[in-house]
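Asker: Here you go, protein-v9.tsv (TSV, C-alpha atoms (C1' of nucleotides)):
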chain	number	residue	atom	x	y	z
A	799	MET	CA	-14.30	-7.39	8.77
A	800	GLY	CA	-13.56	-9.71	5.90
A	801	LEU	CA	-11.16	-8.36	3.35
A	802	ASP	CA	-11.00	-10.07	0.02
A	803	GLU	CA	-8.17	-10.08	-2.49
A	804	LEU	CA	-9.56	-7.01	-4.29
A	805	ASP	CA	-9.69	-4.96	-1.09
A	806	VAL	CA	-6.04	-5.75	-0.41
A	807	GLN	CA	-5.07	-4.84	-3.97
A	808	ILE	CA	-6.91	-1.54	-3.70
A	809	LEU	CA	-5.30	-0.73	-0.35
A	810	ALA	CA	-1.86	-1.67	-1.64
A	811	HIS	CA	-2.24	1.15	-4.17
A	812	TYR	CA	-4.22	3.58	-2.11
A	813	GLN	CA	-2.04	3.62	1.01
A	814	TYR	CA	0.82	5.17	-0.96
A	815	ASP	CA	-1.22	7.75	-2.83
A	816	THR	CA	-4.76	8.75	-1.95
A	817	ARG	CA	-4.88	11.17	-4.88
A	818	THR	CA	-4.94	8.41	-7.46
A	819	PRO	CA	-8.41	8.61	-9.06
A	820	ALA	CA	-10.66	5.62	-8.43
A	821	HIS	CA	-10.93	4.79	-12.12
A	822	VAL	CA	-7.13	4.40	-12.35
A	823	ILE	CA	-7.07	1.99	-9.41
A	824	GLY	CA	-10.07	0.31	-10.98
A	825	ARG	CA	-8.21	-0.29	-14.22
A	826	THR	CA	-5.27	-1.96	-12.49
A	827	VAL	CA	-7.37	-4.22	-10.28
A	828	GLY	CA	-10.12	-4.87	-12.82
A	829	LEU	CA	-13.04	-3.02	-11.23
A	830	SER	CA	-15.23	-0.07	-12.16
A	831	THR	CA	-14.87	3.41	-10.66
A	832	ALA	CA	-18.00	3.02	-8.58
A	833	ALA	CA	-16.97	-0.36	-7.22
A	834	VAL	CA	-13.61	1.01	-6.06
A	835	GLN	CA	-15.30	3.98	-4.37
A	836	ARG	CA	-17.79	1.75	-2.64
A	837	ARG	CA	-15.03	-0.46	-1.29
A	838	LEU	CA	-13.00	2.50	-0.08
A	839	LYS	CA	-16.06	3.84	1.70
A	840	ARG	CA	-16.64	0.47	3.34
A	841	LEU	CA	-12.98	0.24	4.39
A	842	ARG	CA	-13.18	3.71	5.94
A	843	GLU	CA	-16.33	2.90	7.88
A	844	ALA	CA	-14.88	-0.41	9.07
A	845	GLY	CA	-11.81	1.39	10.39
A	846	VAL	CA	-9.36	-0.42	8.14
A	847	ILE	CA	-8.51	3.00	6.71
A	848	GLU	CA	-7.93	4.99	9.88
A	849	ALA	CA	-7.22	8.30	8.20
A	850	GLU	CA	-6.20	9.91	4.94
A	851	ILE	CA	-3.27	12.12	5.82
A	852	ALA	CA	-0.48	14.22	4.35
A	853	GLN	CA	3.05	13.10	5.03
A	854	LEU	CA	5.07	16.24	5.59
A	855	ALA	CA	8.85	16.66	5.34
A	856	PRO	CA	10.08	17.46	8.87
A	857	ALA	CA	13.22	19.12	7.54
A	858	ALA	CA	11.23	21.43	5.28
A	859	LEU	CA	9.21	22.50	8.29
A	860	GLY	CA	12.24	23.38	10.35
A	861	LEU	CA	12.45	20.13	12.34
A	862	PRO	CA	15.54	18.37	10.99
A	863	VAL	CA	16.46	16.58	14.24
A	864	THR	CA	14.81	13.24	15.02
A	865	CYS	CA	15.63	11.37	18.23
A	866	LEU	CA	14.51	8.00	19.54
A	867	VAL	CA	14.35	7.81	23.32
A	868	ASP	CA	14.12	4.78	25.61
A	869	VAL	CA	12.48	5.77	28.88
A	870	GLN	CA	12.46	3.79	32.14
A	871	LEU	CA	10.02	4.77	34.86
A	872	GLU	CA	10.56	4.62	38.60
A	873	ARG	CA	7.13	3.33	39.58
A	874	GLU	CA	4.99	1.43	37.09
A	875	GLY	CA	1.55	1.38	38.68
A	876	ALA	CA	-1.46	1.80	36.45
A	877	ALA	CA	-1.89	5.41	37.54
A	878	ASP	CA	1.78	6.18	36.88
A	879	LEU	CA	1.62	4.70	33.42
A	880	HIS	CA	-1.55	6.57	32.62
A	881	ARG	CA	-0.09	9.86	33.77
A	882	PHE	CA	3.04	9.39	31.64
A	883	ARG	CA	1.02	8.48	28.55
A	884	GLN	CA	-1.10	11.59	28.98
A	885	ARG	CA	1.96	13.80	29.34
A	886	MET	CA	3.66	12.40	26.24
A	887	ALA	CA	0.53	12.72	24.16
A	888	ALA	CA	0.40	16.40	25.05
A	889	PHE	CA	3.94	17.23	23.90
A	890	PRO	CA	3.91	18.30	20.26
A	891	GLU	CA	7.55	17.24	19.90
A	892	VAL	CA	6.54	13.62	20.52
A	893	GLN	CA	5.62	12.26	17.14
A	894	GLN	CA	5.29	8.63	18.22
A	895	CYS	CA	5.06	6.96	21.64
A	896	TYR	CA	5.00	3.23	22.35
A	897	TYR	CA	4.51	1.41	25.63
A	898	VAL	CA	6.69	-1.68	25.39
A	899	THR	CA	8.05	-4.75	27.16
A	900	GLY	CA	11.75	-5.10	28.00
A	901	GLN	CA	14.20	-2.90	29.88
A	902	ALA	CA	12.61	0.27	28.59
A	903	ASP	CA	9.04	1.11	29.44
A	904	PHE	CA	8.36	3.66	26.74
A	905	ILE	CA	10.02	4.43	23.44
A	906	LEU	CA	9.52	7.86	21.90
A	907	VAL	CA	10.16	9.40	18.50
A	908	VAL	CA	10.84	13.09	19.02
A	909	LEU	CA	11.17	15.83	16.37
A	910	THR	CA	12.89	19.13	17.10
A	911	ALA	CA	14.46	22.11	15.37
A	912	ASP	CA	17.96	21.40	16.72
A	913	LEU	CA	19.83	19.67	19.53
A	914	ALA	CA	19.30	22.59	21.90
A	915	ALA	CA	15.55	22.23	21.44
A	916	TYR	CA	15.89	18.50	22.01
A	917	GLU	CA	17.74	19.05	25.27
A	918	ALA	CA	15.11	21.54	26.34
A	919	PHE	CA	12.49	18.92	25.58
A	920	THR	CA	14.23	16.23	27.64
A	921	ARG	CA	14.37	18.64	30.55
A	922	ARG	CA	10.71	19.59	30.44
A	923	ALA	CA	9.37	16.16	29.51
A	924	LEU	CA	11.69	13.73	31.26
A	925	LEU	CA	14.08	15.25	33.80
A	926	ASP	CA	11.38	17.37	35.41
A	927	ASP	CA	9.05	14.37	35.59
A	928	GLY	CA	9.51	12.94	39.07
A	929	ASN	CA	8.82	9.40	37.92
A	930	VAL	CA	11.45	8.97	35.16
A	931	ARG	CA	14.27	6.74	36.40
A	932	SER	CA	16.48	7.05	33.31
A	933	PHE	CA	16.39	7.56	29.58
A	934	THR	CA	18.69	6.94	26.64
A	935	SER	CA	18.75	9.10	23.53
A	936	HIS	CA	19.52	7.92	20.02
A	937	ILE	CA	19.95	10.69	17.49
A	938	VAL	CA	18.73	9.63	14.06
A	939	LEU	CA	21.50	9.92	11.48
A	940	GLU	CA	19.42	8.56	8.65
A	941	ARG	CA	15.84	7.48	8.03
A	942	VAL	CA	16.42	4.30	6.12
A	943	LYS	CA	12.72	3.57	5.86
A	944	VAL	CA	9.79	5.66	6.98
A	945	GLY	CA	6.62	4.30	8.49
A	946	LEU	CA	4.12	5.04	5.83
A	947	SER	CA	3.12	1.61	4.78
A	948	VAL	CA	1.60	-1.53	6.15
A	949	PRO	CA	3.23	-4.58	4.58
A	950	LEU	CA	0.25	-6.00	2.76
A	951	SER	CA	2.28	-8.72	1.13
A	952	VAL	CA	2.78	-10.23	4.58
A	953	SER	CA	-0.83	-10.06	5.61
A	954	VAL	CA	-2.61	-11.59	2.64
A	955	ARG	CA	-4.71	-14.43	3.98
A	956	ARG	CA	-6.34	-16.72	1.47
B	1472	MET	CA	11.09	27.50	0.74
B	1473	GLY	CA	9.48	30.22	2.79
B	1474	LEU	CA	6.37	29.18	4.64
B	1475	ASP	CA	4.15	31.89	6.00
B	1476	GLU	CA	1.66	31.68	8.82
B	1477	LEU	CA	-1.18	30.75	6.46
B	1478	ASP	CA	0.76	27.84	4.96
B	1479	VAL	CA	1.36	26.44	8.42
B	1480	GLN	CA	-2.30	26.82	9.33
B	1481	ILE	CA	-3.35	25.03	6.17
B	1482	LEU	CA	-0.88	22.20	6.79
B	1483	ALA	CA	-1.90	21.88	10.41
B	1484	HIS	CA	-5.36	21.01	9.17
B	1485	TYR	CA	-4.47	19.15	6.01
B	1486	GLN	CA	-1.93	16.74	7.52
B	1487	TYR	CA	-4.67	15.10	9.57
B	1488	ASP	CA	-7.27	14.88	6.84
B	1489	THR	CA	-6.56	15.33	3.17
B	1490	ARG	CA	-10.23	14.83	2.35
B	1491	THR	CA	-11.31	18.12	3.83
B	1492	PRO	CA	-12.43	20.27	0.87
B	1493	ALA	CA	-10.35	23.35	0.16
B	1494	HIS	CA	-13.24	25.73	0.81
B	1495	VAL	CA	-13.65	24.34	4.36
B	1496	ILE	CA	-9.97	24.87	5.12
B	1497	GLY	CA	-10.32	28.27	3.50
B	1498	ARG	CA	-13.12	29.27	5.84
B	1499	THR	CA	-11.14	28.37	8.95
B	1500	VAL	CA	-7.96	30.16	7.88
B	1501	GLY	CA	-9.69	33.07	6.14
B	1502	LEU	CA	-8.76	32.37	2.53
B	1503	SER	CA	-10.63	31.59	-0.67
B	1504	THR	CA	-10.94	28.12	-2.15
B	1505	ALA	CA	-8.62	28.98	-4.99
B	1506	ALA	CA	-5.95	30.40	-2.70
B	1507	VAL	CA	-5.91	27.24	-0.55
B	1508	GLN	CA	-5.59	25.03	-3.63
B	1509	ARG	CA	-2.80	27.13	-5.03
B	1510	ARG	CA	-0.88	26.92	-1.76
B	1511	LEU	CA	-1.34	23.16	-1.49
B	1512	LYS	CA	-0.05	22.77	-5.02
B	1513	ARG	CA	2.98	24.89	-4.21
B	1514	LEU	CA	3.65	22.90	-1.02
B	1515	ARG	CA	3.47	19.65	-2.98
B	1516	GLU	CA	5.87	20.87	-5.63
B	1517	ALA	CA	8.27	22.22	-3.02
B	1518	GLY	CA	8.35	18.82	-1.32
B	1519	VAL	CA	6.93	20.09	1.96
B	1520	ILE	CA	4.06	17.69	1.37
B	1521	GLU	CA	5.94	14.49	0.57
B	1522	ALA	CA	2.90	12.32	-0.06
B	1523	GLU	CA	-0.81	12.01	0.55
B	1524	ILE	CA	-1.29	8.59	2.05
B	1525	ALA	CA	-3.81	6.37	3.82
B	1526	GLN	CA	-3.06	5.34	7.37
B	1527	LEU	CA	-4.21	1.74	7.70
B	1528	ALA	CA	-4.98	-0.17	10.90
B	1529	PRO	CA	-2.36	-2.92	11.17
B	1530	ALA	CA	-4.60	-5.02	13.40
B	1531	ALA	CA	-7.46	-4.91	10.89
B	1532	LEU	CA	-5.06	-6.19	8.25
B	1533	GLY	CA	-3.95	-9.17	10.29
B	1534	LEU	CA	-0.77	-7.61	11.70
B	1535	PRO	CA	-1.54	-7.02	15.38
B	1536	VAL	CA	2.03	-7.48	16.67
B	1537	THR	CA	4.39	-4.49	16.61
B	1538	CYS	CA	7.96	-4.82	17.86
B	1539	LEU	CA	10.72	-2.27	18.22
B	1540	VAL	CA	14.19	-3.74	17.81
B	1541	ASP	CA	17.60	-2.29	18.73
B	1542	VAL	CA	20.28	-3.80	16.51
B	1543	GLN	CA	24.03	-3.70	17.07
B	1544	LEU	CA	26.33	-4.61	14.21
B	1545	GLU	CA	29.66	-6.40	14.39
B	1546	ARG	CA	31.52	-4.31	11.83
B	1547	GLU	CA	30.41	-0.78	11.00
B	1548	GLY	CA	32.25	0.04	7.82
B	1549	ALA	CA	30.47	2.05	5.15
B	1550	ALA	CA	29.90	-1.08	3.06
B	1551	ASP	CA	28.53	-3.00	6.07
B	1552	LEU	CA	26.12	-0.22	6.92
B	1553	HIS	CA	24.98	0.06	3.33
B	1554	ARG	CA	24.37	-3.66	3.07
B	1555	PHE	CA	22.30	-3.71	6.25
B	1556	ARG	CA	20.19	-0.74	5.15
B	1557	GLN	CA	19.49	-2.44	1.84
B	1558	ARG	CA	18.46	-5.66	3.55
B	1559	MET	CA	16.09	-3.95	5.97
B	1560	ALA	CA	14.49	-1.89	3.24
B	1561	ALA	CA	13.66	-5.10	1.40
B	1562	PHE	CA	11.83	-6.79	4.30
B	1563	PRO	CA	8.12	-5.99	4.14
B	1564	GLU	CA	7.82	-6.61	7.89
B	1565	VAL	CA	10.10	-3.62	8.52
B	1566	GLN	CA	7.81	-0.63	8.64
B	1567	GLN	CA	10.40	1.86	9.86
B	1568	CYS	CA	14.20	1.75	10.07
B	1569	TYR	CA	16.48	4.37	11.61
B	1570	TYR	CA	20.26	4.56	11.66
B	1571	VAL	CA	21.13	6.12	15.00
B	1572	THR	CA	23.87	7.13	17.40
B	1573	GLY	CA	24.31	5.42	20.76
B	1574	GLN	CA	24.72	1.79	21.80
B	1575	ALA	CA	22.39	0.57	19.10
B	1576	ASP	CA	23.24	1.10	15.47
B	1577	PHE	CA	19.79	0.61	13.99
B	1578	ILE	CA	16.31	0.75	15.45
B	1579	LEU	CA	13.51	-1.02	13.61
B	1580	VAL	CA	9.72	-0.99	13.83
B	1581	VAL	CA	8.48	-4.42	12.75
B	1582	LEU	CA	4.88	-5.51	12.08
B	1583	THR	CA	3.87	-9.17	12.07
B	1584	ALA	CA	0.82	-11.40	12.33
B	1585	ASP	CA	1.92	-13.00	15.63
B	1586	LEU	CA	4.94	-13.71	17.78
B	1587	ALA	CA	5.84	-16.81	15.80
B	1588	ALA	CA	6.05	-14.70	12.67
B	1589	TYR	CA	8.15	-12.19	14.56
B	1590	GLU	CA	10.58	-14.89	15.66
B	1591	ALA	CA	10.78	-16.14	12.11
B	1592	PHE	CA	11.56	-12.61	11.01
B	1593	THR	CA	14.37	-12.19	13.55
B	1594	ARG	CA	15.89	-15.42	12.34
B	1595	ARG	CA	15.83	-14.50	8.67
B	1596	ALA	CA	16.66	-10.84	9.07
B	1597	LEU	CA	19.00	-10.73	12.07
B	1598	LEU	CA	20.30	-14.11	13.27
B	1599	ASP	CA	21.15	-15.29	9.78
B	1600	ASP	CA	22.91	-12.01	9.02
B	1601	GLY	CA	26.57	-12.64	9.71
B	1602	ASN	CA	27.18	-9.07	10.81
B	1603	VAL	CA	24.59	-8.65	13.59
B	1604	ARG	CA	26.32	-8.69	16.99
B	1605	SER	CA	23.17	-8.52	19.09
B	1606	PHE	CA	19.62	-7.21	19.13
B	1607	THR	CA	17.00	-6.43	21.74
B	1608	SER	CA	13.27	-6.76	21.12
B	1609	HIS	CA	10.57	-4.61	22.67
B	1610	ILE	CA	7.07	-5.85	22.07
B	1611	VAL	CA	4.63	-2.96	21.79
B	1612	LEU	CA	1.85	-3.25	24.36
B	1613	GLU	CA	0.19	-0.01	23.38
B	1614	ARG	CA	0.54	2.67	20.75
B	1615	VAL	CA	0.16	5.76	22.86
B	1616	LYS	CA	0.70	8.06	19.92
B	1617	VAL	CA	1.16	7.21	16.30
B	1618	GLY	CA	3.48	8.98	13.93
B	1619	LEU	CA	1.08	10.74	11.72
B	1620	SER	CA	1.79	14.33	12.48
B	1621	VAL	CA	4.59	16.81	12.35
B	1622	PRO	CA	4.39	19.14	15.34
B	1623	LEU	CA	3.65	22.37	13.53
B	1624	SER	CA	3.19	24.32	16.71
B	1625	VAL	CA	6.86	23.73	17.47
B	1626	SER	CA	8.11	24.75	14.08
B	1627	VAL	CA	6.40	28.07	13.55
B	1628	ARG	CA	9.08	30.59	12.80
B	1629	ARG	CA	8.08	34.22	12.72
C	285	DA	C1'	-24.91	-9.27	-2.58
C	286	DC	C1'	-22.20	-7.20	-5.58
C	287	DT	C1'	-21.39	-5.44	-10.05
C	288	DG	C1'	-21.34	-1.77	-14.00
C	289	DA	C1'	-23.39	2.35	-16.34
C	290	DA	C1'	-25.23	6.74	-16.23
C	291	DA	C1'	-27.06	10.84	-13.73
C	292	DA	C1'	-26.54	14.26	-10.24
C	293	DG	C1'	-23.76	16.60	-7.01
C	294	DT	C1'	-18.89	18.31	-5.41
C	295	DT	C1'	-14.53	19.53	-5.82
C	296	DC	C1'	-10.72	21.03	-8.45
C	297	DA	C1'	-7.79	23.82	-11.82
C	298	DG	C1'	-7.07	27.38	-14.98
C	299	DC	C1'	-8.47	32.13	-16.63
C	300	DC	C1'	-9.22	36.91	-16.00
C	301	DA	C1'	-10.30	41.11	-13.47
D	672	DT	C1'	-5.65	37.60	-4.33
D	673	DG	C1'	-10.89	36.48	-5.30
D	674	DG	C1'	-14.56	35.02	-8.36
D	675	DC	C1'	-15.97	32.57	-12.27
D	676	DT	C1'	-16.18	28.65	-15.63
D	677	DG	C1'	-15.24	24.09	-17.62
D	678	DA	C1'	-13.26	19.72	-16.48
D	679	DA	C1'	-12.48	16.01	-13.32
D	680	DC	C1'	-13.73	13.34	-9.64
D	681	DT	C1'	-17.02	11.32	-6.48
D	682	DT	C1'	-21.50	9.65	-5.01
D	683	DT	C1'	-25.99	8.10	-5.67
D	684	DT	C1'	-29.41	5.72	-8.29
D	685	DC	C1'	-30.90	2.06	-10.95
D	686	DA	C1'	-31.00	-2.14	-13.34
D	687	DG	C1'	-28.59	-6.56	-14.37
D	688	DT	C1'	-26.09	-10.84	-13.19
Output the file's structure as structure tokens, nothing else.

Answerer:
Amino acid sequence: MGLDELDVQILAHYQYDTRTPAHVIGRTVGLSTAAVQRRLKRLREAGVIEAEIAQLAPAALGLPVTCLVDVQLEREGAADLHRFRQRMAAFPEVQQCYYVTGQADFILVVLTADLAAYEAFTRRALLDDGNVRSFTSHIVLERVKVGLSVPLSVSVRR
Amino acid sequence: MGLDELDVQILAHYQYDTRTPAHVIGRTVGLSTAAVQRRLKRLREAGVIEAEIAQLAPAALGLPVTCLVDVQLEREGAADLHRFRQRMAAFPEVQQCYYVTGQADFILVVLTADLAAYEAFTRRALLDDGNVRSFTSHIVLERVKVGLSVPLSVSVRR
DNA sequence: ACTGAAAAGTTCAGCCA
DNA sequence: TGGCTGAACTTTTCAGT
């Protein structure tokens, strides 16, 4: 999928606010309403735009506690990894889950209502899992930056 | 802000796809088009919906490498912490940044075009920072789950 | 092949019962 | 709250460069 400069400019706007009308984006990048819509459609179909979603405030929804967890597994066979991935994907508390290199095998971002709920989660999800060797919790004190954007200024290729 | 059962049902749908027309959401939750639109407006104004954004595919934009980094600072005074937060917020490669408890002080999610670009980033952002004691990199091998959703099923309060 | 302009089709936002 | 109406937005069509 070849992205030109105009696509990147459109995405730079659109990724922060999908409610901006196409003619407004068009004005700033120098394109007509229809042209912007066509490009957005193409970017959706090509999978560059994965989804158009609402970013909700966890605290407003009763989930003020965010924890990052490093998890080390006991056995790391393909079947073990697959089973752990499946389990994590099924827990609603797990907002993000990465399989990584290094000492840790998995790193999770977990949202809960309070620390008691977090402890309950670690019991159900990690302690009761026979294959978790150890895990380390980091309670988030502050979200300095939230993952809503892809740094387009880094990825512009001319 | 009091959220009732219908608000949560609407958000559960809307957070995954903001392009679903209000009358479709209305059908599934048993509400009229106008009622759904009124509630969405109220949720926006109350800050429950922080933003309506496009989730882009980093790989499609030339940023296939994701790394998670644990950073430990040398000095942790208020001014030191503030300075580090400011610096991280300014780096476009830093997609997420959390200030946490535990051995690490900060945990970053970093997107780059390749490992060379990641190394260049660590030099500029971490090694050249006089106050970084140490950092550990975890290269992401797989995104098991991506942070696009708030677990509404956990937060329903009756 | 991609653009812009205009028409047709949807969705949204305010009004009133 | 639901239903209606006008406005706004999107999508398709069509012709031009």

Asker: Suppose you want the space between atom CA of Arg836 of chain A and atom C1' of DG288 of chain C; what is it in Å?

Answerer: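 If I compute the distance from atom CA of Arg836 of chain A to atom C1' of DG288 of chain C, I get 12.4 Å.
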
Asker: At a cut-off of 12 Å, list the chain D residues touching chain B, using only C-alpha atoms (C1' of nucleotides), as a list of chain:residue names.

Answerer: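 That gives the following set of residues: D:DT672, D:DG673, D:DG674, D:DC675, D:DT681.
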
Asker: Within 8 Å of segment 289-299 of chain C, counting only C-alpha atoms (C1' of nucleotides), which residues qualify if same-chain residues fewer than 4 places away don't, as a list in words?

Answerer: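 Everything that qualifies: Pro1492 of chain B; DA679, DC680, DT681, DT682, DT683 and DT684 of chain D.
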
Asker: Using all atoms listed in the file, find the residues of chain A whose closest atom to chain B is at most 8 Å away, then write them as a short mmCIF file (atom, residue, chain, number, x, y, z; two decimals) with C-alpha atoms, keeping the file's coordinate frame.

Answerer:
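Listed below is the output, iface_14.cif:
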data_model
loop_
_atom_site.label_atom_id
_atom_site.label_comp_id
_atom_site.auth_asym_id
_atom_site.auth_seq_id
_atom_site.Cartn_x
_atom_site.Cartn_y
_atom_site.Cartn_z
CA MET A 799 -14.30 -7.39 8.77
CA TYR A 812 -4.22 3.58 -2.11
CA GLN A 813 -2.04 3.62 1.01
CA TYR A 814 0.82 5.17 -0.96
CA ASP A 815 -1.22 7.75 -2.83
CA THR A 816 -4.76 8.75 -1.95
CA ARG A 817 -4.88 11.17 -4.88
CA GLY A 845 -11.81 1.39 10.39
CA VAL A 846 -9.36 -0.42 8.14
CA ILE A 847 -8.51 3.00 6.71
CA GLU A 848 -7.93 4.99 9.88
CA ALA A 849 -7.22 8.30 8.20
CA GLU A 850 -6.20 9.91 4.94
CA ILE A 851 -3.27 12.12 5.82
CA ALA A 852 -0.48 14.22 4.35
CA GLN A 853 3.05 13.10 5.03
CA LEU A 854 5.07 16.24 5.59
CA ALA A 855 8.85 16.66 5.34
CA PRO A 856 10.08 17.46 8.87
CA ALA A 858 11.23 21.43 5.28
CA LEU A 859 9.21 22.50 8.29
CA GLY A 860 12.24 23.38 10.35
CA LEU A 861 12.45 20.13 12.34
CA ARG A 883 1.02 8.48 28.55
CA ALA A 887 0.53 12.72 24.16
CA PRO A 890 3.91 18.30 20.26
CA GLU A 891 7.55 17.24 19.90
CA VAL A 892 6.54 13.62 20.52
CA GLN A 893 5.62 12.26 17.14
CA GLN A 894 5.29 8.63 18.22
CA CYS A 895 5.06 6.96 21.64
CA TYR A 896 5.00 3.23 22.35
CA TYR A 897 4.51 1.41 25.63
CA VAL A 898 6.69 -1.68 25.39
CA THR A 899 8.05 -4.75 27.16
CA GLY A 900 11.75 -5.10 28.00
CA ALA A 902 12.61 0.27 28.59
CA LEU A 909 11.17 15.83 16.37
CA THR A 910 12.89 19.13 17.10
CA ALA A 911 14.46 22.11 15.37
CA SER A 935 18.75 9.10 23.53
CA HIS A 936 19.52 7.92 20.02
CA ILE A 937 19.95 10.69 17.49
CA VAL A 938 18.73 9.63 14.06
CA LEU A 939 21.50 9.92 11.48
CA GLU A 940 19.42 8.56 8.65
CA ARG A 941 15.84 7.48 8.03
CA VAL A 942 16.42 4.30 6.12
CA LYS A 943 12.72 3.57 5.86
CA VAL A 944 9.79 5.66 6.98
CA GLY A 945 6.62 4.30 8.49
CA LEU A 946 4.12 5.04 5.83
CA SER A 947 3.12 1.61 4.78
CA VAL A 948 1.60 -1.53 6.15
CA PRO A 949 3.23 -4.58 4.58
CA LEU A 950 0.25 -6.00 2.76
CA SER A 951 2.28 -8.72 1.13
CA VAL A 952 2.78 -10.23 4.58
CA SER A 953 -0.83 -10.06 5.61
#

Asker: Counting all atoms listed in the file, find the residues whose atoms lie at most 6 Å from (12.6, 5.4, 30.9) (file coordinates) and write them out as a VMD selection string.

Answerer: chain A and resid 868 to 871 902 to 903 930 to 933

Asker: Would you kindly return, as number ranges by chain, each protein, DNA or RNA residue with an atom no farther than 12 Å from any atom of DT688 of chain D, considering only C-alpha atoms (C1' of nucleotides) and excluding same-chain residues fewer than 5 positions away?

Answerer: C: 285-288

Asker: Quick one: write out the picked residues with C-alpha atoms (C1' of nucleotides) as a PDB file, keeping the file's coordinate frame?

Answerer:
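Saved as selection-v2.pdb:
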ATOM      1  C1'  DA C 285     -24.910  -9.270  -2.580  1.00  0.00           C
ATOM      2  C1'  DC C 286     -22.200  -7.200  -5.580  1.00  0.00           C
ATOM      3  C1'  DT C 287     -21.390  -5.440 -10.050  1.00  0.00           C
ATOM      4  C1'  DG C 288     -21.340  -1.770 -14.000  1.00  0.00           C
TER       5       DG C 288
END
